[in-house]
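This report concerns only the one structure given below.
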Amino acid sequence: MLLLALPLLSGCETLGYYTQAASGHLELMRARRSVDTVIADPETPALLRERLTLTRSMLAFAQTELGLPAAGQYRHFVELDRDAVVYNVMAAPRYGFDPVLWCFPIAGCVAYRGYFARSRAEAKAADLAASGLDVYVGGAAAYSTLGWFDDPLLSSFIWREEADLAELLFHELAHVRIYLSGDTTFNESFATFVGREGAERWLEQHGRDPERDRWQAQIRVREDFVRFALDWREHMAHRYRELAAEGADEEQLEAKRVALWTAMRTAWLEQRAGEAARYDGFFSAEASNARLNAVADYHGKLDAFAALFEVEGADFEAFYAAVEELAALPADAREAALAELASPLRSPMRARGQDSSR
């Protein structure tokens with residue numbers, strides 16, 4: 001069906017891109033096996049059987065406790081020959097953070113372009129970099145077809161620790177429940193909140209104390225990293241705007257870019273401690289505004305959704321209704337409403353680790 005629809009798709013993307021997307025998804029459909037069949041197969045390793053059984057419990061929990069549309073989803077399993085199912089390419093200006101957008105039917109304009117083959121993603125990233133853009137290629141363990149198809153369980157995420165697995169499943173199901181065409185940050189931040197809150201509730205009912213302690217510690221470390229990265233992104237964007245207004249030339253802009261990234265890396269190493277070292281690789285990687293944008297996409301509106309959840313009495317159905325009301329607003333009104341929700345929760349991270357090169 002996807003292949004037959006390709007000639008009807010026009011405007012934003014090439015036929016070749018849609019062909020690889022359709023063929024990659026169809027390849028997954030051909031490789032999938034019913035979860036019932038895999039569990040019943042005597043050749044199935046016991047650990048995989050346990051994992052698939054665990055996901056059944058998580059999906060039932062998602063349906064009954066979180067109000068997520070789990071029925072008809074994740075009824076099949078696919079063993080992949082790679083760690084990621086798709087590879088997303090993101091791009092941004094070298095001296096700014098307005099993301100490059102790609103437009104698709106149904107999904108609208110989004111800040112990433114996905115490929116089933118890493119080589120294709122890297123080739124596209126190289127083309128974008130050659131044009132002067134910052135690029136980032138990130139592997140994704142899962143993706144959602146927004147309820148149009150029965151998304152399968154994948155070997156790329158089935159072996160995650162219990163809370164992480166629950167978070168991922170609830171995140172992807174959140175996209176099926178609510179999806180706003182053309183707003184990447186709204187969609188991903190909403191799903192990130194649902195995944196995190198859902199995993200917390202799962203552990204409250206099913207987890208053991210060591211698992212809950214590990215998860216809470218992990219979330220604290222993640223929140224510190226996110227606050228740090230987003231505050232530096234905001235600071236960098238402000239400095240680039242100032243330089244543009246001053247008429248800075250390419251040499252001046254590049255010198256400031258180097259100084260900003262060096263200062264950010266130094267500040268991170270000075271303040272981070274313990275398990276936060278797991279994020280050192282993010283700051284030691286090649287400077288990329290697109291990479292910082294990826295953090296903003298998944299967490300940029302997280303405080304707003306957390307606040308809205310509390311406003312709605314921590315009731316998921318009331319929360320979803322409020323999110324749908326937000327999604328129905330014009331873009332400017334929606335942004336204003338989200339900013340107002342987030343304002344009481346904002347952390348004064350800018351007071352820490354500022355750019356010493358100013």
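In the structure tokens, the first chain shown is A, the next is B, and so on; residue numbers restart at 1 for each chain, and ligands run from 1 in the order shown.
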Checklist entry - Per DSSP on the backbone, what are the strand (DSSP E or B) residues of region 3-185 of chain A, as a PyMOL selection string? => result chain A and resi 33-34+76-78+86-92+102-104+108-110+113-115+134-140+153-154
Wanna dump the region 55-125 of chain A-region 267-288 of chain A contacts at 10 Å for me, each residue with its shortest atom pair and the distance in Å to one decimal, counting only C-alpha atoms, ordered by chain and number, as a Markdown table?
```
| residue | atom | partner | partner_atom | distance |
| --- | --- | --- | --- | --- |
| A:Met90 | CA | A:Ser288 | CA | 10.0 |
| A:Ala91 | CA | A:Ser288 | CA | 8.7 |
| A:Ala92 | CA | A:Ser288 | CA | 8.2 |
| A:Pro93 | CA | A:Ser288 | CA | 9.2 |
| A:Arg94 | CA | A:Ser288 | CA | 7.7 |
| A:Tyr95 | CA | A:Ser288 | CA | 9.8 |
| A:Phe97 | CA | A:Ser288 | CA | 9.8 |
```
Could you name the residues that touch region 98-100 of chain A at 12 Å or less, counting only C-alpha atoms, but leaving out those on the same chain fewer than 5 positions away, as a PDB file with N, CA and C atoms, in the first residue's frame?
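The new file part15.pdb reads:
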```
ATOM      1  N   VAL A  89      18.603  12.053  10.730  1.00  0.00           N
ATOM      2  CA  VAL A  89      19.501  13.147  10.378  1.00  0.00           C
ATOM      3  C   VAL A  89      18.843  14.462  10.796  1.00  0.00           C
ATOM      4  N   MET A  90      19.586  15.280  11.527  1.00  0.00           N
ATOM      5  CA  MET A  90      19.118  16.606  11.931  1.00  0.00           C
ATOM      6  C   MET A  90      20.137  17.632  11.462  1.00  0.00           C
ATOM      7  N   ALA A  91      19.666  18.840  11.184  1.00  0.00           N
ATOM      8  CA  ALA A  91      20.565  19.894  10.715  1.00  0.00           C
ATOM      9  C   ALA A  91      20.120  21.247  11.254  1.00  0.00           C
ATOM     10  N   ALA A  92      21.101  22.143  11.426  1.00  0.00           N
ATOM     11  CA  ALA A  92      20.843  23.494  11.932  1.00  0.00           C
ATOM     12  C   ALA A  92      21.930  24.416  11.392  1.00  0.00           C
ATOM     13  N   PRO A  93      21.693  25.725  11.408  1.00  0.00           N
ATOM     14  CA  PRO A  93      22.741  26.663  10.986  1.00  0.00           C
ATOM     15  C   PRO A  93      23.970  26.556  11.882  1.00  0.00           C
ATOM     16  N   CYS A 109       5.735  18.979   8.968  1.00  0.00           N
ATOM     17  CA  CYS A 109       7.135  19.378   8.895  1.00  0.00           C
ATOM     18  C   CYS A 109       7.822  19.074  10.224  1.00  0.00           C
ATOM     19  N   VAL A 110       8.884  18.292  10.161  1.00  0.00           N
ATOM     20  CA  VAL A 110       9.580  17.843  11.364  1.00  0.00           C
ATOM     21  C   VAL A 110      11.070  18.153  11.237  1.00  0.00           C
ATOM     22  N   ALA A 111      11.770  18.085  12.369  1.00  0.00           N
ATOM     23  CA  ALA A 111      13.169  18.492  12.426  1.00  0.00           C
ATOM     24  C   ALA A 111      14.127  17.323  12.240  1.00  0.00           C
ATOM     25  N   TYR A 112      13.695  16.278  11.595  1.00  0.00           N
ATOM     26  CA  TYR A 112      14.576  15.137  11.363  1.00  0.00           C
ATOM     27  C   TYR A 112      14.133  14.408  10.098  1.00  0.00           C
ATOM     28  N   ARG A 113      15.048  13.619   9.592  1.00  0.00           N
ATOM     29  CA  ARG A 113      14.782  12.841   8.380  1.00  0.00           C
ATOM     30  C   ARG A 113      15.353  11.449   8.621  1.00  0.00           C
ATOM     31  N   ALA A 125      23.812  13.417   5.663  1.00  0.00           N
ATOM     32  CA  ALA A 125      24.446  14.338   6.606  1.00  0.00           C
ATOM     33  C   ALA A 125      25.675  14.989   5.978  1.00  0.00           C
ATOM     34  N   LEU A 128      24.588  17.756   3.678  1.00  0.00           N
ATOM     35  CA  LEU A 128      24.150  18.925   4.428  1.00  0.00           C
ATOM     36  C   LEU A 128      25.344  19.671   5.031  1.00  0.00           C
ATOM     37  N   LEU A 133      26.022  23.530   6.962  1.00  0.00           N
ATOM     38  CA  LEU A 133      25.152  23.310   8.107  1.00  0.00           C
ATOM     39  C   LEU A 133      25.823  22.450   9.166  1.00  0.00           C
ATOM     40  N   ASP A 134      25.402  22.616  10.414  1.00  0.00           N
ATOM     41  CA  ASP A 134      25.731  21.664  11.474  1.00  0.00           C
ATOM     42  C   ASP A 134      24.808  20.460  11.323  1.00  0.00           C
ATOM     43  N   VAL A 135      25.324  19.262  11.498  1.00  0.00           N
ATOM     44  CA  VAL A 135      24.499  18.063  11.342  1.00  0.00           C
ATOM     45  C   VAL A 135      24.689  17.135  12.534  1.00  0.00           C
ATOM     46  N   TYR A 136      23.739  16.243  12.695  1.00  0.00           N
ATOM     47  CA  TYR A 136      23.797  15.216  13.734  1.00  0.00           C
ATOM     48  C   TYR A 136      23.041  13.996  13.224  1.00  0.00           C
ATOM     49  N   ASP A 183       4.924  19.841  14.703  1.00  0.00           N
ATOM     50  CA  ASP A 183       5.538  20.423  15.900  1.00  0.00           C
ATOM     51  C   ASP A 183       6.343  19.350  16.634  1.00  0.00           C
ATOM     52  N   THR A 184       7.601  19.205  16.263  1.00  0.00           N
ATOM     53  CA  THR A 184       8.456  18.160  16.808  1.00  0.00           C
ATOM     54  C   THR A 184       8.632  18.289  18.321  1.00  0.00           C
ATOM     55  N   THR A 185       8.915  19.491  18.805  1.00  0.00           N
ATOM     56  CA  THR A 185       9.191  19.669  20.229  1.00  0.00           C
ATOM     57  C   THR A 185       7.956  19.384  21.075  1.00  0.00           C
ATOM     58  N   ARG A 233      22.365  26.133  25.329  1.00  0.00           N
ATOM     59  CA  ARG A 233      21.791  26.363  23.995  1.00  0.00           C
ATOM     60  C   ARG A 233      21.153  27.743  23.930  1.00  0.00           C
ATOM     61  N   GLU A 234      20.394  28.098  24.953  1.00  0.00           N
ATOM     62  CA  GLU A 234      19.754  29.411  24.992  1.00  0.00           C
ATOM     63  C   GLU A 234      20.794  30.522  25.027  1.00  0.00           C
ATOM     64  N   ALA A 237      22.476  30.829  21.579  1.00  0.00           N
ATOM     65  CA  ALA A 237      21.570  31.469  20.618  1.00  0.00           C
ATOM     66  C   ALA A 237      21.552  32.982  20.838  1.00  0.00           C
ATOM     67  N   TYR A 240      24.797  34.493  19.468  1.00  0.00           N
ATOM     68  CA  TYR A 240      24.812  34.548  18.006  1.00  0.00           C
ATOM     69  C   TYR A 240      23.921  35.672  17.487  1.00  0.00           C
ATOM     70  N   ARG A 241      22.788  35.880  18.133  1.00  0.00           N
ATOM     71  CA  ARG A 241      21.910  36.974  17.717  1.00  0.00           C
ATOM     72  C   ARG A 241      22.587  38.320  17.946  1.00  0.00           C
ATOM     73  N   SER A 288      28.081  20.703  17.502  1.00  0.00           N
ATOM     74  CA  SER A 288      26.961  20.618  16.565  1.00  0.00           C
ATOM     75  C   SER A 288      25.721  21.230  17.202  1.00  0.00           C
ATOM     76  N   ASN A 289      25.232  22.316  16.612  1.00  0.00           N
ATOM     77  CA  ASN A 289      23.994  22.909  17.090  1.00  0.00           C
ATOM     78  C   ASN A 289      22.823  21.957  16.898  1.00  0.00           C
ATOM     79  N   ALA A 290      22.882  21.133  15.870  1.00  0.00           N
ATOM     80  CA  ALA A 290      21.815  20.155  15.628  1.00  0.00           C
ATOM     81  C   ALA A 290      21.752  19.144  16.767  1.00  0.00           C
ATOM     82  N   ARG A 291      22.899  18.817  17.333  1.00  0.00           N
ATOM     83  CA  ARG A 291      22.927  17.868  18.456  1.00  0.00           C
ATOM     84  C   ARG A 291      22.257  18.479  19.682  1.00  0.00           C
ATOM     85  N   LEU A 292      22.507  19.760  19.949  1.00  0.00           N
ATOM     86  CA  LEU A 292      21.824  20.431  21.049  1.00  0.00           C
ATOM     87  C   LEU A 292      20.327  20.550  20.773  1.00  0.00           C
ATOM     88  N   ASN A 293      19.960  20.744  19.510  1.00  0.00           N
ATOM     89  CA  ASN A 293      18.542  20.799  19.162  1.00  0.00           C
ATOM     90  C   ASN A 293      17.830  19.490  19.492  1.00  0.00           C
ATOM     91  N   ALA A 294      18.535  18.367  19.353  1.00  0.00           N
ATOM     92  CA  ALA A 294      17.921  17.075  19.658  1.00  0.00           C
ATOM     93  C   ALA A 294      17.515  17.006  21.125  1.00  0.00           C
ATOM     94  N   ALA A 296      16.694  19.614  22.931  1.00  0.00           N
ATOM     95  CA  ALA A 296      15.553  20.516  23.062  1.00  0.00           C
ATOM     96  C   ALA A 296      14.272  19.882  22.536  1.00  0.00           C
ATOM     97  N   ASP A 297      14.356  19.118  21.475  1.00  0.00           N
ATOM     98  CA  ASP A 297      13.159  18.491  20.914  1.00  0.00           C
ATOM     99  C   ASP A 297      12.491  17.558  21.922  1.00  0.00           C
TER     100      ASP A 297
END
```
Next on the checklist: Show me, as JSON, numbers by chain, the residues that have an atom within 10 Å of region 328-341 of chain A when counting only C-alpha atoms, minus same-chain residues fewer than 6 positions from it.
Outcome noted: {"A": [180, 183, 186, 301, 302, 303, 304, 305, 306, 307, 308, 311, 322]}
Restrict the selected residues to C-alpha atoms and save them as a PDB file, in the first residue's frame.
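Full text of result_38.pdb as output:
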```
ATOM      1  CA  LEU A 180       0.339  17.374  16.486  1.00  0.00           C
ATOM      2  CA  ASP A 183       5.538  20.423  15.900  1.00  0.00           C
ATOM      3  CA  PHE A 186       5.544  19.535  21.327  1.00  0.00           C
ATOM      4  CA  LYS A 301       8.594  21.580  26.793  1.00  0.00           C
ATOM      5  CA  LEU A 302       8.904  18.904  29.460  1.00  0.00           C
ATOM      6  CA  ASP A 303       8.464  21.318  32.380  1.00  0.00           C
ATOM      7  CA  ALA A 304       5.296  22.675  30.780  1.00  0.00           C
ATOM      8  CA  PHE A 305       3.737  19.240  30.425  1.00  0.00           C
ATOM      9  CA  ALA A 306       4.761  18.310  33.974  1.00  0.00           C
ATOM     10  CA  ALA A 307       3.069  21.459  35.248  1.00  0.00           C
ATOM     11  CA  LEU A 308      -0.060  20.772  33.200  1.00  0.00           C
ATOM     12  CA  VAL A 311      -2.833  21.260  37.206  1.00  0.00           C
ATOM     13  CA  ALA A 322      -5.874  19.509  28.200  1.00  0.00           C
TER      14      ALA A 322
END
```
Find the residues of region 200-276 of chain A that sit at most 12 Å from region 57-81 of chain A; for each, write down the nearest two atoms and how far apart they are in Å, to one decimal. Count only C-alpha atoms. Sort by chain, then by number going up, and give it as a Markdown table.
```
| residue | atom | partner | partner_atom | distance |
| --- | --- | --- | --- | --- |
| A:Glu200 | CA | A:Leu66 | CA | 11.3 |
| A:Arg201 | CA | A:Glu65 | CA | 8.7 |
| A:Trp202 | CA | A:Phe61 | CA | 7.6 |
| A:Leu203 | CA | A:Met58 | CA | 10.6 |
| A:Gln205 | CA | A:Phe61 | CA | 9.9 |
| A:His206 | CA | A:Met58 | CA | 9.8 |
| A:Gly207 | CA | A:Met58 | CA | 11.9 |
```
Next on the checklist: Going by DSSP on the backbone, which residues of region 45-174 of chain A come out as alpha helix (DSSP H)? List them as number ranges by chain.
Outcome noted: A: 46-65, 118-130, 162-174
Checklist entry - Hey, what's within 6 Å of region 191-195 of chain A if we count only C-alpha atoms and toss same-chain stuff fewer than 5 positions away? As a VMD selection string, please? => result chain A and resid 167 170 to 171 174
Next on the checklist: Would you pick out the contacts of Phe157 (chain A) at 10 Å or less, using only C-alpha atoms, so that residues sharing its chain but fewer than 2 positions from it are not included, and give the list as an MDAnalysis selection string?
Outcome noted: chainID A and resid 83:85 140:142 153:155 159:161 164:165 168:169
Next on the checklist: Using only C-alpha atoms for the distances, tell me which of A:Leu253, A:Cys103, A:Ala321, A:Ala199 is nearest to Arg177 (chain A).
Outcome noted: A:Ala321
